[in-house]
Structure formats: structure tokens, C-alpha cells
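One structure below.
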Amino acid sequence: MSRPSAPVLPAAGELVGGASWRQGGSPWSLARGRELGSLPVLVALVVLALVFQAFNQNFLSPDNLVNLTLQSATTGVITLGVVLVLLVGQIDLSVGAVSGLAAAVVAVGFVQEGWPLVLAVVVAVAIGAAFGAGYGWLYTRLGVPTFVITLAGLLVSVGLQVRVLGSTGSINLPYESWLVRFAQQTFLPPVASYAVVAGVVLLYLGTRLVERHRRLAAELPAASLGAVGLRALVLAVVLGVPTWYLNLNRGVGAMFALFVLLVAVTDLLLRRTRWGRSVRAVGSNVESARRAGFAVRRVYVSVFMACTGLAALGGVLSAGRLAAANQGTGGSDTNLTAIAAAVIGGTSLFGGRGNAWSAVLGVFVIHSISSGLTLLNLDSSIRYIVTGVVLALAVTIDSLGRRRTVTQAAR
């Protein structure tokens, strides 16, 4: 994907999330002057939930929502990597195939070759990261377009997957293995799930208070204590209520908890480290980022490695959830779903805008559509059509927001 021709490099505060309340702006000024961020996605989720619940009372049942979180976890891990690549204004078309190759490596290594399962998982993820390192090197050193590189990687990954699986084309994982038990049967105890929610809220509150102190010390606008406390309270409700509701059934799956943990860590890296600022700066304007002293080549390589490494991890989790790896693992559906989820979740196709939580929102929209239509006994053709319409709307909103930002910067 080509980089935007003439974007404006955002100010330091905008690199970590745009014009937000932390600079003292109101939600109304945010809506008037900047992109709406995750608001349209949240509205879409609410609308989808209400519509499907109206047609089938089982959609919002605890059992269905537990299944929805488990289904979202594997796709979400892959989507998280796609979000990182989109943030630098590039794209990776091979994530589905790389996930399928990783699943095949885990299955063959553990079942047929007798490797320890931990070793098989590490090798699979390392192979995935190696693909990303190759993409980054070819793009930064030789200037080969990433669209072409990753398309070639897709074909290579599919060929290697078929080769690794051999003539059988399918390998089953033992149900007693820890990977299958982790993906299918392991759920957090209620106390542990509430403790995780409390930890996340306290961490969020602490970082916001530290940030407020630093901004005041630098004589910059900062959110009031009331605003910080209100946002922490909203976060506690947003996380606590679903956790309580899921605990009415089997609870929060360990695999979904791992996905949320990966998202939280990635979000922290993007907002609080020089690497994260570099990612956003490169995605906003690569030449400005280079002149500002950011290591542009290393940013591209690291982002592609993170993307394909996460894709491989998603493939490993998928093999555990299905207790098998076959030639259909990581097929075209996986690739398209991950990319669509990243865009629908609010990550800009033009680079520089978006956050790690886009992966969570995007996969929830995608899998809510799939789950709702399944409950209504509608075939997959409707699912593709609805998902395509939602994707088109997301890209349209992104394009309009980018056009408005460029227009305001030119004034």
C-alpha cells in the first residue's frame, strides 16, 4: 500500500491518540474538529446487538457471548498485527497464510516429530517473525512494494503449509495437550477475572495521573481530576459489566484474556514508548519522521516482524481451538477477516491513525455479524455481503476524516 502523499505530521500530543480530552478538549470539539475514532464502531456494535437480539433472544445470552469471545480471540491476535502494519501506512496480505503455516508447524513438530509442545510453538512463532523480517528488508533496502512482497509471502506460506502437512493434509492434536486445553477448556475463575479488571483500571488511572502531573509541570493543558476519575469509572463499567455477565456462564476464556493482554501491552507500547511514537510518525509522514531522527528502517522491519509473529501466534491458538491443523487452516477467510476487522475497528488505511484496541472492536463487529446471522439460519453469502457493506462504510468514514484533517491543516 502506498503512503499518503501529503499528510501533516501530528503534534506530539496527537501521536498518542489525536486531539483528546487529555489536552483539555471536550467530546464536542473532538467530534467537530477531528476524526470520531472508535465512536462509530461502538455505535455499530450496539446497533448490531439490538437488531440480532430482537430477532433471536439467544444472541445476548451469556453462553453465546462466551462463544463469541473465544471465536474472536484467534482472529483478534492476527488483527492486532494488521493494525500495526496499517499504522505505518502499509499492508500485509499474507497473515492468514502465515497463521496456517504456523499451525502446521506446531502440529507436525509436536505430533509427528515428537518435539516438546513449547518448542513447537516457539519455532512456529519464530518462522512467522522471519517472514516479517524478510518483508521489512526487501521493502526498506530494495524498495519492493509491500503489496507485492506480502502477496509473494502468501504464496510461499501456502506452499510450505502443504509441504509440511504432507500427504495426509490434516493432523489432529491430542485433547490432553495443554495447548488444546488452554484454547478450549481453560477459563479464569470469577475472582481472577475481577482482579484483572481492577488491575487494568488502576493501571489506567495511575498512568493518567502521572501524565496529568507531567503536563501540569510543563505548563501544558491537562484534564481535571474529575475528568480523569470519570474516565476511569467508565472503563471500570465497560470492563466489569461484561465480565460479570460472562461469569454467569463459563466465564472469561484464558485465550481471550491472553488476547486482551496482548492488546493492552501493544497499546502501552504505542502510547508510552519511543517506538510507538516512531510508528505513528512514520505512518503520518515518513519524510518528516526521518528528518526528526526516527529510525525509519528499523520501524518498518519491527512492525512487519510483529505483524507476522502475531499472525503465527494466532495460527497456533487456532490449532489449539480446533485441536487440528489442515490445509484449510488460515485460508482466505482468515486473511480477509483480519484486514477487514482492523479497518472496521477504526485503523486508518492511510497510516498514522488508530490504536491497538481497534483489533478488539473490529473482531467483535465481524464475529457479531457471523454469530447473529448463524442464529438466524442465514447462509454465508449474507455474512459476506453485510461484512462488505460495513467495511465500505468504515473506509468511507476514514477517508472523510482524513480529507477534513488535510483541509483544516491547509487553512
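As shown in the C-alpha cells, the chain order sets the letters A, B, ...; within each chain, residues go from 1, and ligands are also counted from 1 in the order they appear.
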Need to verify the contact set: Val106 of chain A, 10 Å, only C-alpha atoms, exclusion of same-chain residues closer than 5 positions in sequence. Can you return it as a JSON list (two decimals) with C-alpha atoms, in the first residue's frame?
```json
[["chain", "number", "residue", "atom", "x", "y", "z"],
["A", 101, "LEU", "CA", 1.84, -22.40, 8.24],
["A", 111, "VAL", "CA", 2.60, -34.93, 16.95],
["A", 112, "GLN", "CA", 4.85, -36.42, 14.26],
["A", 113, "GLU", "CA", 8.35, -35.28, 15.23],
["A", 115, "TRP", "CA", 9.09, -32.08, 19.85],
["A", 116, "PRO", "CA", 8.12, -30.62, 23.22],
["A", 117, "LEU", "CA", 4.98, -28.56, 22.63],
["A", 118, "VAL", "CA", 6.64, -25.39, 23.93],
["A", 119, "LEU", "CA", 9.46, -25.82, 21.42],
["A", 120, "ALA", "CA", 6.98, -26.37, 18.59],
["A", 121, "VAL", "CA", 5.14, -23.17, 19.50],
["A", 122, "VAL", "CA", 8.36, -21.14, 19.71],
["A", 123, "VAL", "CA", 9.57, -22.44, 16.35],
["A", 124, "ALA", "CA", 6.22, -21.65, 14.71],
["A", 125, "VAL", "CA", 6.18, -18.07, 16.01],
["A", 171, "ILE", "CA", -3.12, -33.63, 11.68],
["A", 173, "LEU", "CA", -3.69, -32.52, 18.22],
["A", 315, "GLY", "CA", -2.40, -19.77, 13.94],
["A", 316, "VAL", "CA", -1.05, -21.66, 16.95],
["A", 319, "ALA", "CA", -4.80, -25.10, 16.00],
["A", 320, "GLY", "CA", -5.41, -25.44, 19.74],
["A", 324, "ALA", "CA", -6.16, -29.87, 14.46],
["A", 325, "ALA", "CA", -4.22, -28.30, 11.61]]
```
Just the residues within 10 Å of Asn56 of chain A, please, counting only C-alpha atoms, with nothing from its chain fewer than 5 positions along; format it as a list in words.
Leu50, Val51, Ser61, Gly372, Leu373, Leu375 and Leu376 of chain A
Would you list, as an NGL selection string, the residues of segment 165-405 of chain A that end up in strand (DSSP E) under DSSP run on this structure's backbone?
:A and (170-172 or 324-326)
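Using only C-alpha atoms, the residues found no farther than 12 Å from Val164 of chain A, other than those of its own chain fewer than 3 positions away, are Gly100, Leu101, Ala102, Ala103, Ala104, Val105, Val106, Ala107, Val108, Gly109, Gln112, Glu113, Ala124, Ser157, Val158, Gly159, Leu160, Gln161, Ser167, Thr168, Gly169, Ser170, Ile171, Ala325, Asn326 and Gln327 of chain A.
The space separating atom CA of Leu261 of chain A from atom CA of Thr243 of chain A comes to 14.7 Å.
Atom CA of Thr74 of chain A is found 27.5 Å from atom CA of Ser278 of chain A.
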Every residue of segment 149-393 of chain A that DSSP places in helix (DSSP H, G or I), as a VMD selection string:
chain A and resid 149 to 165 178 to 184 190 to 217 225 to 246 254 to 272 274 to 284 286 to 291 296 to 322 332 to 344 358 to 375 380 to 393
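Here the question is which of A:Val85, A:Ala338, A:Leu209, A:Leu313 gets nearest to Gly226 of chain A using only C-alpha atoms, and that residue is A:Leu209.
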10 Å contact set for Ser371 of chain A, only C-alpha atoms, chain neighbours under 6 positions out, as number ranges by chain
A: 52, 59, 64-65, 67-68, 71, 365, 377, 383
